[in-house]
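A short write-up of the structure that comes next.
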Amino acid sequence: MAPALAPLLASLAVAAAVLAAVADAACRHTNLTAGFAADLTMLQHQLRGTVRLDPSGACALQLTRFDLLAASPSARFWAADGPSLDDLAKGRPFSPLPLNATFRNETLRLPFSAPLPPLLAIFDPDTSSDLGHVFLSAVSNSSNTTAALASRIAAPTMFDNCVQLSEGYRLRWTLNVSAGEVDIGLEAAVGSEYYMAFGWADPKANSPAMVRSDVVVAGFTEEGMPFAEDYYITDYSECTMGKDDLPVSGVCPDSAYDDGRNNSRLVYGHRRDGVSFVRYKRKLDSEDDKYDVPVGATEEMAVVWAIGKLRPPDTLRPHYLPQNHGGPRDETFGLMRVNLSEVVDSCLGPLDADNKQDQDRIIADGKTPLVVTSAPALRYPNPPNPDKVIYINKKEAPLLKVERGVPVKFLVQAGHDVALYVTSDPIGGNATLRNKTEVIYAGGPDVHGVPATPTELVWLPDRNTPDLVYYQSVYEAKMGWKVQVVDGGLSDMYNNSVLLDDQQVTLFWTLSTDSISIAARGEKKSGYLAVAFGSGMLNSYAYVGWVGNDGVGRVKTYWIDGKSAAGIHSTSENLTYVRCKSEDGVITFEFTRPLKPSCTGKVECKNIIDPTTPLKVVWAMGASWSGDDLTDSNMHSVTSSRPIRVLLLRGSAEAEQDLRPVLAVHGFMMFVAWGILLPGGILAARYLKSLKGDGWYQIHVYLQYSGISIMFLGVLFAAAELRGFYVDSVHVKFGLSALLLAAFQPLNAYFRPKRPANGEVPPQNRVLWEYLHVITGRSAIVVGVVALFTGMKHLGHRYDSENVEELTWALMLWVLSAIVIALSLEYKEVKRRGGDRSFRGHWVLGNTEEDDSVDLLHPDSSARSSESRPSGVMEVQLEPLTR
């Protein structure tokens, strides 16, 4: 009986399945067509997949080629009206399927029993995180329509084919034969400072090689924008860009060659979870037979690939240039054969980077305030987000790292609609409005301000503060991001710290009796970090920290006297307690050195640190550094725009002002005084006494008083702008000496002894006064002229001004001209006097017949008194005699 019933039961099962399929085929919960298919938009967790209706016509969605890095236990497929934060918050779970595991190229079936929502998302309601979504129908007319439509702009990450080039590097492509082009996607788990290169080898070569290959180099700029550009390889070296009349050679962009151009077209790119992804199109045959390789659609061809660090543009090379990938074959570079027409999918699951925290990071300390502002969202790390988010020290929603026991100072100037607070809630915006509880550690509704009147907030994390909290705004959700709370750090190890120019490098130091301990930490990712003591990189002592290819941190010292690699000279300073590390691409180095080097004869022996004098500090960062063979490739990609004056004893810093206009006015006033007026007064007293009357005296006094007045005004002007008077340079020492000598002359004239009558022997005090007056005055002129020259030298050393040398030569010609004029006048004066042999009178006063009765300080009154005295000529009146 049983064998007979088996066929019947099987027939009934088939009939039931058919009836169910027919019933499902009549599913009324969707208005999508049977051929509907759409790709998920990747926002987080390397989400990929294609959504379509179930082929059977049942009320279910089919998700194919689904990739996802494990999310939190609360993450679910989510139904919502749109991708905004409000729409997602009002949504509902679409499927109970948990997503806290990694999915690798899987196929899922998602049944539904209600009308399909406009948006299907992978959403974490606990943190309001949208991992990705797909639109299933038109967006409803709501306040969020604009934002929703903007989110529908294509961000394509799906391709027909995928090949694993190395463990962390993939090639994806889709061939479009009818259009004669291929879509290529390069994807690698590398840092943002790395490039990805892929292209075709020279088909005419006997064996595949990098040289003469046509590649596309893709990556991200310093601003986080993707790029993809054609490169042509002529040599195994970094591109020379035709420098010093040499031909273009190396790994160079096509546009650097004659008649070359970029034939690749960027489609899309992003950085997600520590993974770089760039999509671009290229023609199979670009008709550029000189720098591009024609690609056959059905032909197996040799291809090349590489990954490595990317050197940003600088003043010498205006392009992003790949550096030597430097690593074993099949890990950082390789060659293989690819046929674009074949269907290949050897990529299993999403790429998983070691470091998924790709946004900017700021390490707070107790000395440097954190400037809180607000600006439009560009790359917010946890979408969806509002249009405007919080920036700290000019960085968008950075990961903030603080230390327990170290106070954190915020200067809030983000606007009165952004009130800062530190909370346990990852969303912020006042959790009580969402019926959620939160712990507020600092801040609140009153902590808001603008740049003109910022509000200061000081927060002291303690041992009860959790390892992870959030800085947010009270008034709007998801404007801020995470705060990592850790134990210990540089702020605990050093007594002082300041943020250098442009808030990109922090300098730490601790002073002792005869040494100083210094640490420098970059605030952005780089290949090396350099700080230098001086007004600029030129003529400075630099300390460079980097981590080599062997993973060992190094710190070396250099004397820099040129703007090229040839001007960088390694020194051998006595550094102790040297450490250097790279954490998530951020360089930190430390060392201890003596305040005064115990050596002589070497350039580093002059690198003396005086704690009582402001230390001028500049910084630079770049892609890579080599301590052995320095070349132009070590040129920095970003540097400070001005030096910071670090006050070591005070533990503070101030920006170095551009005082060139101030010093120019000071120099001009001193030139007028010491180059024209004061020498003119001396020449008047020496050579104009032969004129009738006291005109020579008036000229002498007025020129001297005018010169001394302008000199004092010039000194006060410079001292006021420099906010101090420091006798720490040769120029200031000569200038002070000249000032004292000049100031002595009016005082000396006031106590002038009386001149003896004609024929009388002059007293000794009169002779001494004459010699003192002339020697002091002429010495003042000599010292003043030397001060002019040392001032020019000081200006050139301080600002590296290009026209200082020209001005120095002009000043030298002026002084020589004045000397020639004085010698000519002296020769004429000697000839005029003829046989007068009075050495004293000639050398000192220049004229023994002048009237010495005039008072130098009060000529009018002295002249009147002179007229009232008998003249020494007897006047006799003759009268006729009377008898």
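Here, A, B, ... name the chains of the structure tokens in the order displayed, residue numbers run from 1 inside each chain, and ligands are numbered from 1 in the same displayed order.
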- Task: Mind listing the strand (DSSP E) residues of stretch 97-241 of chain A, per DSSP on the backbone, as a ChimeraX atom specification?
- Result: /A:103-111,119-124,129-135,161-166,169-176,181-188,194-200,214-220,226-233
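Every residue of stretch 40-246 of chain A found in helix (DSSP H, G or I) when DSSP is run on the backbone appears here: A:Leu85, A:Asp86, A:Asp87, A:Leu88, A:Ala89, A:Thr145, A:Thr146, A:Ala147, A:Ala148, A:Leu149, A:Ala150, A:Ser151, A:Lys243, A:Asp244, A:Asp245.
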- Item | Who sits within 10 Å of stretch 387-393 of chain A, only C-alpha atoms, same chain under 4 positions skipped, as a VMD selection string | chain A and resid 147 360 to 362 369 to 378 380 397 to 400 410 to 412 414 418 420 471 to 473 476 to 481 502 to 504 523
Take the residues that were just selected and, keeping N, CA and C atoms, output them as a JSON list (two decimals), in the first residue's frame.
[["chain", "number", "residue", "atom", "x", "y", "z"],
["A", 147, "ALA", "N", 17.48, 65.84, -0.06],
["A", 147, "ALA", "CA", 18.59, 65.02, 0.43],
["A", 147, "ALA", "C", 18.49, 63.60, -0.10],
["A", 360, "ASP", "N", 40.30, 61.86, 10.25],
["A", 360, "ASP", "CA", 41.37, 62.57, 10.96],
["A", 360, "ASP", "C", 41.31, 62.29, 12.45],
["A", 361, "ARG", "N", 42.47, 62.42, 13.08],
["A", 361, "ARG", "CA", 42.57, 62.17, 14.50],
["A", 361, "ARG", "C", 43.29, 63.33, 15.17],
["A", 362, "ILE", "N", 42.83, 63.69, 16.36],
["A", 362, "ILE", "CA", 43.45, 64.75, 17.15],
["A", 362, "ILE", "C", 43.73, 64.20, 18.55],
["A", 369, "PRO", "N", 44.40, 74.60, 23.46],
["A", 369, "PRO", "CA", 42.94, 74.52, 23.36],
["A", 369, "PRO", "C", 42.51, 73.95, 22.01],
["A", 370, "LEU", "N", 41.38, 73.26, 22.00],
["A", 370, "LEU", "CA", 40.79, 72.70, 20.79],
["A", 370, "LEU", "C", 39.73, 73.68, 20.29],
["A", 371, "VAL", "N", 39.92, 74.18, 19.07],
["A", 371, "VAL", "CA", 39.01, 75.17, 18.51],
["A", 371, "VAL", "C", 37.86, 74.44, 17.82],
["A", 372, "VAL", "N", 36.65, 74.66, 18.32],
["A", 372, "VAL", "CA", 35.45, 73.97, 17.84],
["A", 372, "VAL", "C", 34.68, 74.92, 16.92],
["A", 373, "THR", "N", 34.54, 74.51, 15.66],
["A", 373, "THR", "CA", 33.76, 75.27, 14.69],
["A", 373, "THR", "C", 32.75, 74.35, 14.02],
["A", 374, "SER", "N", 32.01, 74.87, 13.08],
["A", 374, "SER", "CA", 31.07, 74.06, 12.30],
["A", 374, "SER", "C", 31.18, 74.45, 10.84],
["A", 375, "ALA", "N", 30.95, 73.46, 9.96],
["A", 375, "ALA", "CA", 31.08, 73.67, 8.52],
["A", 375, "ALA", "C", 30.30, 72.56, 7.81],
["A", 376, "PRO", "N", 30.13, 72.67, 6.49],
["A", 376, "PRO", "CA", 29.40, 71.63, 5.75],
["A", 376, "PRO", "C", 30.07, 70.26, 5.86],
["A", 377, "ALA", "N", 29.24, 69.22, 5.89],
["A", 377, "ALA", "CA", 29.74, 67.84, 5.95],
["A", 377, "ALA", "C", 30.25, 67.42, 4.59],
["A", 378, "LEU", "N", 31.46, 66.89, 4.56],
["A", 378, "LEU", "CA", 32.06, 66.40, 3.32],
["A", 378, "LEU", "C", 32.32, 64.90, 3.38],
["A", 380, "TYR", "N", 31.76, 62.79, 6.46],
["A", 380, "TYR", "CA", 31.39, 62.41, 7.82],
["A", 380, "TYR", "C", 31.49, 60.89, 7.97],
["A", 397, "ALA", "N", 34.85, 66.38, 12.01],
["A", 397, "ALA", "CA", 34.46, 65.30, 12.91],
["A", 397, "ALA", "C", 35.62, 64.33, 13.18],
["A", 398, "PRO", "N", 36.74, 64.82, 13.70],
["A", 398, "PRO", "CA", 37.89, 63.93, 13.91],
["A", 398, "PRO", "C", 37.67, 63.00, 15.09],
["A", 399, "LEU", "N", 38.44, 61.93, 15.11],
["A", 399, "LEU", "CA", 38.49, 61.05, 16.27],
["A", 399, "LEU", "C", 39.36, 61.75, 17.32],
["A", 400, "LEU", "N", 38.78, 62.06, 18.46],
["A", 400, "LEU", "CA", 39.48, 62.79, 19.50],
["A", 400, "LEU", "C", 40.01, 61.82, 20.55],
["A", 410, "PHE", "N", 38.24, 73.27, 25.39],
["A", 410, "PHE", "CA", 37.57, 73.55, 24.12],
["A", 410, "PHE", "C", 37.29, 75.05, 24.03],
["A", 411, "LEU", "N", 37.56, 75.65, 22.87],
["A", 411, "LEU", "CA", 37.12, 77.01, 22.57],
["A", 411, "LEU", "C", 36.00, 76.89, 21.55],
["A", 412, "VAL", "N", 34.77, 77.02, 22.01],
["A", 412, "VAL", "CA", 33.59, 76.76, 21.18],
["A", 412, "VAL", "C", 33.20, 78.04, 20.46],
["A", 414, "ALA", "N", 31.33, 77.69, 17.22],
["A", 414, "ALA", "CA", 30.65, 77.06, 16.09],
["A", 414, "ALA", "C", 29.31, 77.72, 15.77],
["A", 418, "VAL", "N", 24.93, 75.72, 17.85],
["A", 418, "VAL", "CA", 25.71, 74.51, 18.12],
["A", 418, "VAL", "C", 26.24, 74.60, 19.54],
["A", 420, "LEU", "N", 28.02, 72.62, 22.51],
["A", 420, "LEU", "CA", 28.86, 71.43, 22.65],
["A", 420, "LEU", "C", 28.64, 70.75, 23.99],
["A", 471, "TYR", "N", 31.60, 63.56, 21.52],
["A", 471, "TYR", "CA", 31.33, 65.00, 21.56],
["A", 471, "TYR", "C", 30.24, 65.27, 20.53],
["A", 472, "GLN", "N", 29.21, 65.97, 20.95],
["A", 472, "GLN", "CA", 28.04, 66.20, 20.10],
["A", 472, "GLN", "C", 27.49, 67.60, 20.35],
["A", 473, "SER", "N", 26.44, 67.93, 19.60],
["A", 473, "SER", "CA", 25.72, 69.18, 19.81],
["A", 473, "SER", "C", 24.40, 68.88, 20.52],
["A", 476, "GLU", "N", 21.26, 69.37, 17.71],
["A", 476, "GLU", "CA", 21.04, 68.56, 16.51],
["A", 476, "GLU", "C", 21.86, 67.28, 16.62],
["A", 477, "ALA", "N", 21.27, 66.17, 16.16],
["A", 477, "ALA", "CA", 21.92, 64.87, 16.31],
["A", 477, "ALA", "C", 23.03, 64.67, 15.29],
["A", 478, "LYS", "N", 24.01, 63.86, 15.68],
["A", 478, "LYS", "CA", 25.08, 63.36, 14.81],
["A", 478, "LYS", "C", 25.90, 64.47, 14.15],
["A", 479, "MET", "N", 26.27, 65.47, 14.94],
["A", 479, "MET", "CA", 27.17, 66.49, 14.42],
["A", 479, "MET", "C", 28.62, 66.19, 14.81],
["A", 480, "GLY", "N", 28.82, 65.40, 15.85],
["A", 480, "GLY", "CA", 30.17, 65.10, 16.33],
["A", 480, "GLY", "C", 30.55, 63.65, 16.12],
["A", 481, "TRP", "N", 31.57, 63.21, 16.86],
["A", 481, "TRP", "CA", 32.05, 61.84, 16.68],
["A", 481, "TRP", "C", 32.67, 61.32, 17.97],
["A", 502, "ASP", "N", 49.50, 76.55, 11.84],
["A", 502, "ASP", "CA", 48.44, 75.87, 11.09],
["A", 502, "ASP", "C", 47.90, 74.64, 11.81],
["A", 503, "GLN", "N", 48.21, 74.48, 13.11],
["A", 503, "GLN", "CA", 47.61, 73.44, 13.94],
["A", 503, "GLN", "C", 47.86, 72.04, 13.38],
["A", 504, "GLN", "N", 49.02, 71.81, 12.78],
["A", 504, "GLN", "CA", 49.32, 70.52, 12.17],
["A", 504, "GLN", "C", 50.38, 69.73, 12.94],
["A", 523, "GLU", "N", 49.78, 65.94, 13.26],
["A", 523, "GLU", "CA", 48.35, 65.79, 13.46],
["A", 523, "GLU", "C", 47.66, 65.26, 12.21]]
Per-residue nearest contacts of stretch 640-711 of chain A to stretch 813-823 of chain A (12 Å; only C-alpha atoms) as a Markdown table:
| residue | atom | partner | partner_atom | distance |
| --- | --- | --- | --- | --- |
| A:Phe671 | CA | A:Trp814 | CA | 10.4 |
| A:Val672 | CA | A:Trp814 | CA | 11.9 |
| A:Trp674 | CA | A:Val815 | CA | 10.4 |
| A:Gly675 | CA | A:Val815 | CA | 7.6 |
| A:Ile676 | CA | A:Ala818 | CA | 9.2 |
| A:Pro679 | CA | A:Ala818 | CA | 8.6 |
| A:Gly680 | CA | A:Ala818 | CA | 9.5 |
| A:Ile682 | CA | A:Ala822 | CA | 10.1 |
| A:Leu683 | CA | A:Ala822 | CA | 7.4 |
| A:Ala684 | CA | A:Ala822 | CA | 10.7 |
| A:Arg686 | CA | A:Ala822 | CA | 9.7 |
| A:Tyr687 | CA | A:Ala822 | CA | 9.2 |
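Compared by their closest atoms to A:Trp619, and using only C-alpha atoms, the residues A:Ser706, A:Thr240, A:Thr506, A:Ser572 rank with A:Thr506 nearest.
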